[in-house]
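Shown next: data.cif, given as mmCIF, C-alpha atoms.
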data_upload
#
loop_
_atom_site.label_atom_id
_atom_site.label_comp_id
_atom_site.auth_asym_id
_atom_site.auth_seq_id
_atom_site.Cartn_x
_atom_site.Cartn_y
_atom_site.Cartn_z
CA MET A 1 86.85 19.61 108.98
CA GLU A 2 84.55 18.64 106.15
CA LEU A 3 82.09 16.98 108.53
CA VAL A 4 82.18 19.90 110.98
CA ALA A 5 81.60 22.39 108.16
CA SER A 6 78.72 20.28 106.86
CA ALA A 7 76.98 20.30 110.26
CA ARG A 8 77.49 24.04 110.70
CA LEU A 9 76.25 24.70 107.16
CA ARG A 10 72.98 22.95 107.95
CA ARG A 11 72.46 25.15 111.02
CA ALA A 12 73.38 28.28 109.05
CA GLN A 13 70.78 27.43 106.39
CA GLU A 14 68.15 27.01 109.10
CA ARG A 15 68.97 30.44 110.54
CA ILE A 16 68.63 32.08 107.12
CA GLU A 17 65.24 30.43 106.55
CA ALA A 18 64.07 31.49 110.03
CA MET A 19 65.02 35.12 109.40
CA ARG A 20 63.28 35.51 106.04
CA PRO A 21 59.69 35.89 107.40
CA TYR A 22 60.90 38.60 109.80
CA ALA A 23 62.66 40.47 107.00
CA ASP A 24 59.55 40.22 104.78
CA ARG A 25 57.27 41.60 107.50
CA MET A 26 59.76 44.40 108.16
CA LEU A 27 59.63 45.48 104.52
CA GLU A 28 55.83 45.36 104.51
CA LEU A 29 55.66 47.47 107.67
CA MET A 30 58.10 50.03 106.27
CA ALA A 31 56.23 50.24 102.98
CA GLY A 32 52.89 50.77 104.73
CA THR A 33 54.31 53.41 107.04
CA ALA A 34 56.02 55.20 104.14
CA ARG A 35 52.68 55.37 102.25
CA ALA A 36 51.08 57.02 105.26
CA SER A 37 53.93 59.50 105.71
CA ALA A 38 53.50 63.00 104.36
CA SER A 39 57.23 63.26 103.62
CA VAL A 40 60.37 61.18 104.20
CA ARG A 41 62.88 63.84 103.21
CA GLY A 42 63.88 64.68 106.77
CA LEU A 43 65.04 61.16 107.66
CA PRO A 44 68.88 61.10 107.92
CA LEU A 45 69.37 57.54 106.65
CA LEU A 46 67.42 58.33 103.46
CA GLN A 47 69.17 61.58 102.58
CA ARG A 48 71.19 61.49 99.40
CA ARG A 49 74.13 63.77 98.70
CA ASP A 50 77.14 64.04 96.43
CA VAL A 51 79.59 61.24 97.15
CA HIS A 52 83.00 62.47 98.27
CA SER A 53 83.81 59.60 100.63
CA ALA A 54 82.63 55.97 100.52
CA ALA A 55 82.89 53.29 103.20
CA ILE A 56 83.62 49.78 101.90
CA VAL A 57 82.62 46.89 104.17
CA PRO A 58 84.11 43.54 103.06
CA VAL A 59 82.63 40.60 105.00
CA THR A 60 85.35 37.95 105.28
CA GLY A 61 85.95 35.00 107.59
CA ASP A 62 88.11 34.60 110.67
CA ARG A 63 89.83 31.49 109.29
CA GLY A 64 91.21 30.21 106.02
CA LEU A 65 91.03 26.74 104.45
CA ALA A 66 87.86 27.75 102.62
CA GLY A 67 89.00 27.88 99.01
CA ALA A 68 88.46 31.24 97.30
CA PHE A 69 85.90 32.43 99.88
CA ASN A 70 88.01 35.26 101.32
CA ALA A 71 90.08 36.01 98.21
CA GLN A 72 87.11 36.78 95.97
CA ILE A 73 85.63 39.18 98.53
CA LEU A 74 88.89 41.09 98.91
CA ARG A 75 89.46 41.13 95.15
CA ARG A 76 86.03 42.73 94.62
CA ALA A 77 86.54 45.17 97.49
CA PHE A 78 89.87 46.36 96.09
CA ALA A 79 88.23 46.80 92.69
CA LEU A 80 85.57 49.01 94.33
CA GLU A 81 88.32 51.02 96.01
CA ARG A 82 90.04 51.61 92.67
CA GLU A 83 86.71 52.65 91.10
CA ALA A 84 86.07 55.12 93.93
CA ARG A 85 89.54 56.65 93.60
CA GLY A 86 89.04 56.89 89.83
CA GLU A 87 85.89 58.96 90.46
CA GLY A 88 87.71 61.25 92.88
CA GLN A 89 86.20 59.69 95.99
CA ARG A 90 87.99 58.76 99.19
CA ALA A 91 87.61 55.12 100.25
CA ARG A 92 87.36 54.22 103.92
CA TRP A 93 87.56 50.67 105.23
CA VAL A 94 85.24 49.08 107.77
CA VAL A 95 85.93 45.35 107.77
CA VAL A 96 84.37 42.18 109.18
CA GLY A 97 86.58 39.15 109.81
CA LYS A 98 90.22 38.54 110.69
CA LYS A 99 91.20 37.65 107.13
CA GLY A 100 90.01 40.98 105.79
CA ARG A 101 91.61 42.92 108.63
CA SER A 102 95.00 41.23 108.25
CA SER A 103 94.99 41.63 104.45
CA LEU A 104 94.19 45.34 104.65
CA ARG A 105 96.80 46.00 107.32
CA PHE A 106 99.38 44.03 105.35
CA ARG A 107 98.70 46.34 102.39
CA ARG A 108 99.05 49.33 104.78
CA TYR A 109 95.44 50.50 104.50
CA ASP A 110 93.90 52.45 107.37
CA VAL A 111 91.04 50.44 108.91
CA ASP A 112 88.47 52.57 110.74
CA GLU A 113 86.82 49.63 112.49
CA ALA A 114 87.11 45.83 112.45
CA TRP A 115 84.81 43.19 113.95
CA VAL A 116 86.19 39.68 114.45
CA ASP A 117 85.61 36.34 116.22
CA PHE A 118 81.98 35.79 115.21
CA THR A 119 81.87 35.34 111.43
CA ASP A 120 81.08 31.60 111.54
CA ARG A 121 78.22 32.11 114.03
CA PRO A 122 77.00 35.73 113.81
CA ALA A 123 74.44 37.03 116.29
CA TYR A 124 71.97 39.86 115.83
CA SER A 125 73.91 41.92 118.38
CA ASP A 126 76.94 41.75 116.07
CA ALA A 127 74.87 43.10 113.19
CA ALA A 128 73.49 45.85 115.46
CA ALA A 129 77.00 46.96 116.44
CA ILE A 130 78.08 47.15 112.79
CA ALA A 131 74.88 48.97 111.76
CA ASN A 132 75.27 51.53 114.56
CA LYS A 133 78.83 52.33 113.47
CA LEU A 134 77.84 52.67 109.80
CA ALA A 135 74.85 54.85 110.67
CA GLU A 136 77.09 57.05 112.81
CA LEU A 137 79.59 57.50 109.98
CA TYR A 138 76.80 58.39 107.56
CA THR A 139 74.75 60.73 109.76
CA GLU A 140 77.88 62.63 110.86
CA ARG A 141 78.76 63.05 107.16
CA GLU A 142 82.09 61.28 107.48
CA VAL A 143 81.03 59.12 104.53
CA ASP A 144 78.43 59.74 101.84
CA ARG A 145 77.93 56.13 100.78
CA VAL A 146 78.26 52.72 102.45
CA VAL A 147 78.80 49.58 100.37
CA ILE A 148 78.89 46.05 101.78
CA VAL A 149 80.59 43.18 99.93
CA TYR A 150 79.71 39.62 100.93
CA ASN A 151 79.28 36.11 99.60
CA HIS A 152 75.68 35.14 98.87
CA TYR A 153 75.05 31.46 99.53
CA GLU A 154 73.58 29.54 96.62
CA SER A 155 74.96 26.01 97.18
CA PRO A 156 77.98 24.36 98.83
CA LEU A 157 79.70 24.59 95.44
CA THR A 158 78.60 28.11 94.52
CA GLN A 159 78.97 31.38 96.42
CA ARG A 160 78.19 34.57 94.54
CA VAL A 161 79.85 37.87 95.46
CA VAL A 162 77.23 40.56 96.11
CA VAL A 163 77.89 44.31 96.24
CA GLU A 164 75.05 46.09 98.02
CA ASP A 165 74.53 49.77 98.87
CA VAL A 166 73.20 49.89 102.43
CA LEU A 167 73.44 53.65 103.04
CA PRO A 168 71.66 55.72 102.06
CA ILE A 169 68.82 53.25 102.38
CA PRO A 170 67.41 52.74 98.87
CA ARG A 171 63.98 54.16 98.17
CA THR A 172 62.94 50.79 96.78
CA ALA A 173 62.95 49.46 100.36
CA LEU A 174 59.93 51.70 101.03
CA GLU A 175 57.94 50.39 98.09
CA ASP A 176 55.96 47.20 97.63
CA GLU A 177 57.71 44.89 95.19
CA GLU A 178 54.49 43.14 94.19
CA GLU A 179 51.57 44.88 92.55
CA LYS A 180 48.40 44.64 94.60
CA THR A 181 44.84 44.43 93.40
CA PRO A 182 42.35 47.17 94.36
CA TYR A 183 40.69 44.66 96.72
CA GLU A 184 43.96 44.02 98.57
CA ILE A 185 44.62 47.75 98.82
CA ALA A 186 41.12 48.26 100.24
CA LEU A 187 41.75 45.59 102.88
CA GLU A 188 44.76 47.51 104.12
CA GLY A 189 42.42 50.16 105.48
CA ASP A 190 43.13 53.63 106.76
CA PHE A 191 45.01 53.35 110.05
CA ILE A 192 45.57 55.98 112.70
CA TYR A 193 49.27 56.08 113.58
CA GLU A 194 50.51 56.97 117.04
CA PRO A 195 53.08 58.48 117.01
CA GLU A 196 53.11 60.02 113.53
CA PRO A 197 54.16 57.79 110.58
CA GLU A 198 57.33 59.83 110.07
CA GLU A 199 58.39 59.16 113.68
CA ILE A 200 57.65 55.43 113.34
CA LEU A 201 59.61 55.27 110.09
CA LYS A 202 62.51 57.10 111.74
CA ARG A 203 62.66 54.27 114.29
CA LEU A 204 62.16 51.53 111.71
CA LEU A 205 65.00 52.56 109.38
CA PRO A 206 67.84 51.71 111.83
CA THR A 207 66.17 48.34 112.46
CA TYR A 208 65.97 47.75 108.72
CA LEU A 209 69.69 48.54 108.44
CA GLU A 210 70.47 46.06 111.23
CA THR A 211 68.34 43.42 109.50
CA SER A 212 70.14 43.97 106.19
CA ILE A 213 73.54 43.61 107.86
CA TYR A 214 72.39 40.53 109.76
CA ARG A 215 71.15 38.90 106.56
CA ALA A 216 74.52 39.57 104.91
CA LEU A 217 76.36 38.05 107.90
CA LEU A 218 74.17 34.92 107.79
CA GLU A 219 74.64 34.56 104.04
CA SER A 220 78.41 34.97 104.48
CA ALA A 221 78.52 32.40 107.30
CA ALA A 222 76.63 29.82 105.22
CA SER A 223 78.89 30.55 102.25
CA GLU A 224 82.01 30.10 104.38
CA HIS A 225 80.86 26.72 105.71
CA GLY A 226 79.89 25.58 102.22
CA ALA A 227 83.21 26.73 100.75
CA ARG A 228 85.17 25.06 103.56
CA MET A 229 83.23 21.81 103.19
CA THR A 230 83.94 21.75 99.44
CA ALA A 231 87.60 22.72 99.91
CA MET A 232 88.19 20.01 102.52
CA ARG A 233 86.45 17.42 100.34
CA ASN A 234 88.71 18.33 97.44
CA ALA A 235 91.75 18.31 99.73
CA SER A 236 90.90 14.81 100.98
CA LYS A 237 90.41 13.60 97.40
CA ASN A 238 93.70 15.14 96.26
CA ALA A 239 95.54 13.68 99.27
CA ALA A 240 94.17 10.21 98.52
CA GLU A 241 95.26 10.47 94.89
CA LEU A 242 98.70 11.70 95.95
CA ILE A 243 99.10 8.82 98.44
CA GLU A 244 98.10 6.33 95.77
CA SER A 245 100.58 7.82 93.28
CA LEU A 246 103.45 7.89 95.79
CA THR A 247 102.69 4.36 96.96
CA LEU A 248 102.86 3.13 93.37
CA GLN A 249 106.20 4.91 92.85
CA MET A 250 107.55 3.42 96.10
CA ASN A 251 106.51 -0.11 95.10
CA ARG A 252 108.12 0.29 91.68
CA ALA A 253 111.35 1.59 93.21
CA ARG A 254 111.43 -1.24 95.75
CA GLN A 255 110.76 -3.82 93.05
CA ALA A 256 113.54 -2.38 90.89
CA GLU A 257 115.94 -2.48 93.84
CA ILE A 258 115.07 -6.11 94.65
CA THR A 259 115.48 -7.09 91.00
CA GLN A 260 118.88 -5.36 90.89
CA GLU A 261 120.03 -7.22 94.02
CA ILE A 262 118.92 -10.58 92.56
CA LEU A 263 120.81 -9.83 89.34
CA GLU A 264 123.95 -9.00 91.34
CA VAL A 265 123.69 -12.23 93.35
CA VAL A 266 123.21 -14.31 90.18
CA ALA A 267 126.14 -12.55 88.49
CA GLY A 268 128.36 -13.20 91.51
CA ALA A 269 127.39 -16.85 91.61
CA ASP A 270 128.15 -17.25 87.90
CA ALA A 271 131.54 -15.65 88.40
CA LEU A 272 132.44 -18.09 91.20
CA THR A 273 131.34 -21.17 89.24
CA GLY A 274 132.93 -19.98 86.04
#
Is it possible to express this structure as structure tokens?
Amino acid sequence: MELVASARLRRAQERIEAMRPYADRMLELMAGTARASASVRGLPLLQRRDVHSAAIVPVTGDRGLAGAFNAQILRRAFALEREARGEGQRARWVVVGKKGRSSLRFRRYDVDEAWVDFTDRPAYSDAAAIANKLAELYTEREVDRVVIVYNHYESPLTQRVVVEDVLPIPRTALEDEEEKTPYEIALEGDFIYEPEPEEILKRLLPTYLETSIYRALLESAASEHGARMTAMRNASKNAAELIESLTLQMNRARQAEITQEILEVVAGADALTG
């Protein structure tokens, strides 16, 4: 299992690296279109309102044997649920992975939607299905906030739990993170948009949501493989140490038994000759 997880981790890392240029270009395109837009207030996925109901999306795995990978996600998700209830908000559950689904149902929580059987190898279509459901819940005002909880991959030994608001889409996604020089701004030019920038942005926002979900799924998949590889390595090490300890105890017990039998034979012989 350690070797299989190691091979899958390498492929998961390659998929994350391949997606990053696409995500960067998406942000640049959104920022440029937002600058050209007269107003973005009418876009449903950007509208902010008072939070009365929040959807929590824990991204777990379909299998165990991965150390604290699933437990730390669920622990953070339950903490978010308690915080929401403390603020008078209703928490709704939309879960990814069999482990999250089974844990929530065991605790008798109502699960609105669950997606399973792809967490170790997520596809973009899986992210699109999740994004469509979340967008539907938000635009129909069934929830006022959507939070996703997933493991961010840093190394096979380290996975960091990330809590990210995906809906409403943060305004920072429409802004350039890096400051540009006047020369770079001049090179951007004044483009004619067809259709209007607002219409283009309206189509881009759902794609941005799908990309954000897909990135979280890829990060979670890499984290799961890294956690499983580390857990299986530790399990193999602990098993070897346990075998060595038990073998030593067995040899000592056998030696003590043989010594006892020799002493009994010698004592019997002395009794016969005496």
Range 77-156 of chain A residues near range 161-173 of chain A within 8 Å, closest pair each, using all atoms listed in the file, as CSV:
residue,atom,partner,partner_atom,distance
A:Ala135,CA,A:Leu167,CA,7.9
A:Tyr138,CA,A:Leu167,CA,7.4
A:Asp144,CA,A:Pro168,CA,7.9
A:Arg145,CA,A:Leu167,CA,5.6
A:Val146,CA,A:Leu167,CA,4.9
A:Val147,CA,A:Asp165,CA,4.5
A:Ile148,CA,A:Glu164,CA,5.4
A:Val149,CA,A:Val163,CA,4.7
A:Tyr150,CA,A:Val162,CA,5.5
A:Asn151,CA,A:Val161,CA,4.5
A:His152,CA,A:Val161,CA,6.0
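Remark: for Ser6 in chain A, the closest of the candidate residues A:Leu80, A:Ala91, A:Ala227, A:Leu27 is A:Ala227 (distances computed over only C-alpha atoms).
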If we count all atoms listed in the file, what is near range 97-99 of chain A at a cut-off of 12 Å, once residues fewer than 5 positions away on the same chain are taken out, given as a ChimeraX atom specification? /A:57-66,69-74,104-106,113-122,126,150,217,220-221,224
Of the candidates A:Ala127, A:Asn238, A:Ile56, A:Gly226, which shows the shortest atom-to-atom distance to Arg82 in chain A, using only C-alpha atoms? A:Ile56
Nearest to Ile130 in chain A: which of A:Ala253, A:Met26, A:Ile243, A:Val96 is it, counting only C-alpha atoms? A:Val96
Show me the residues close to (69.9, 46.1, 108.7) - anything with an atom within 10 Å, counting only C-alpha atoms - and format the list as a PDB file with C-alpha atoms, keeping the file's coordinate frame.
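As a result, result28.pdb now contains:
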ATOM      1  CA  ALA A  23      62.660  40.470 107.000  1.00  0.00           C
ATOM      2  CA  TYR A 124      71.970  39.860 115.830  1.00  0.00           C
ATOM      3  CA  ALA A 127      74.870  43.100 113.190  1.00  0.00           C
ATOM      4  CA  ALA A 128      73.490  45.850 115.460  1.00  0.00           C
ATOM      5  CA  ILE A 130      78.080  47.150 112.790  1.00  0.00           C
ATOM      6  CA  ALA A 131      74.880  48.970 111.760  1.00  0.00           C
ATOM      7  CA  ASN A 132      75.270  51.530 114.560  1.00  0.00           C
ATOM      8  CA  VAL A 166      73.200  49.890 102.430  1.00  0.00           C
ATOM      9  CA  ILE A 169      68.820  53.250 102.380  1.00  0.00           C
ATOM     10  CA  LEU A 204      62.160  51.530 111.710  1.00  0.00           C
ATOM     11  CA  LEU A 205      65.000  52.560 109.380  1.00  0.00           C
ATOM     12  CA  PRO A 206      67.840  51.710 111.830  1.00  0.00           C
ATOM     13  CA  THR A 207      66.170  48.340 112.460  1.00  0.00           C
ATOM     14  CA  TYR A 208      65.970  47.750 108.720  1.00  0.00           C
ATOM     15  CA  LEU A 209      69.690  48.540 108.440  1.00  0.00           C
ATOM     16  CA  GLU A 210      70.470  46.060 111.230  1.00  0.00           C
ATOM     17  CA  THR A 211      68.340  43.420 109.500  1.00  0.00           C
ATOM     18  CA  SER A 212      70.140  43.970 106.190  1.00  0.00           C
ATOM     19  CA  ILE A 213      73.540  43.610 107.860  1.00  0.00           C
ATOM     20  CA  TYR A 214      72.390  40.530 109.760  1.00  0.00           C
ATOM     21  CA  ARG A 215      71.150  38.900 106.560  1.00  0.00           C
ATOM     22  CA  ALA A 216      74.520  39.570 104.910  1.00  0.00           C
TER      23      ALA A 216
END
Which residue, A:Gln159, A:Pro44, A:Leu246, A:Arg108, has the smallest gap to Thr230 in chain A when you use only C-alpha atoms?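 Of A:Gln159, A:Pro44, A:Leu246, A:Arg108, the one nearest Thr230 in chain A, counting only C-alpha atoms, is A:Gln159.
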Give the answer as one residue: which of A:Ser223, A:Gln89, A:Thr247, A:Thr273 has the shortest atom-to-atom distance to Leu9 in chain A, using only C-alpha atoms? A:Ser223
Using CA of Met250 in chain A and CA of Lys237 in chain A as the two end points, give the distance in Å to one decimal.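 One can read the CA of Met250 in chain A to CA of Lys237 in chain A distance as 20.0 Å.
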Distance of CA of Ala222 in chain A from CA of Tyr153 in chain A, expressed in Å to one decimal place: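 Here the two named atoms are 6.1 Å from each other.
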So what do you get for CA of Arg107 in chain A versus CA of Arg76 in chain A, distance-wise?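 Those two atoms sit 15.3 Å apart.
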For Asp112 in chain A, the closest of A:Ala18, A:Ala239, A:Ala55, A:Ala129 counting only C-alpha atoms is A:Ala55
Produce the centre coordinates and the three edge lengths, each in Å to one decimal, of the box along x, y and z that contains all listed atoms of range 43-58 of chain A with 8 Å added on each side, as lines of an AutoDock Vina configuration file.
center_x = 74.6
center_y = 53.8
center_z = 102.2
size_x = 35.1
size_y = 36.5
size_z = 27.5
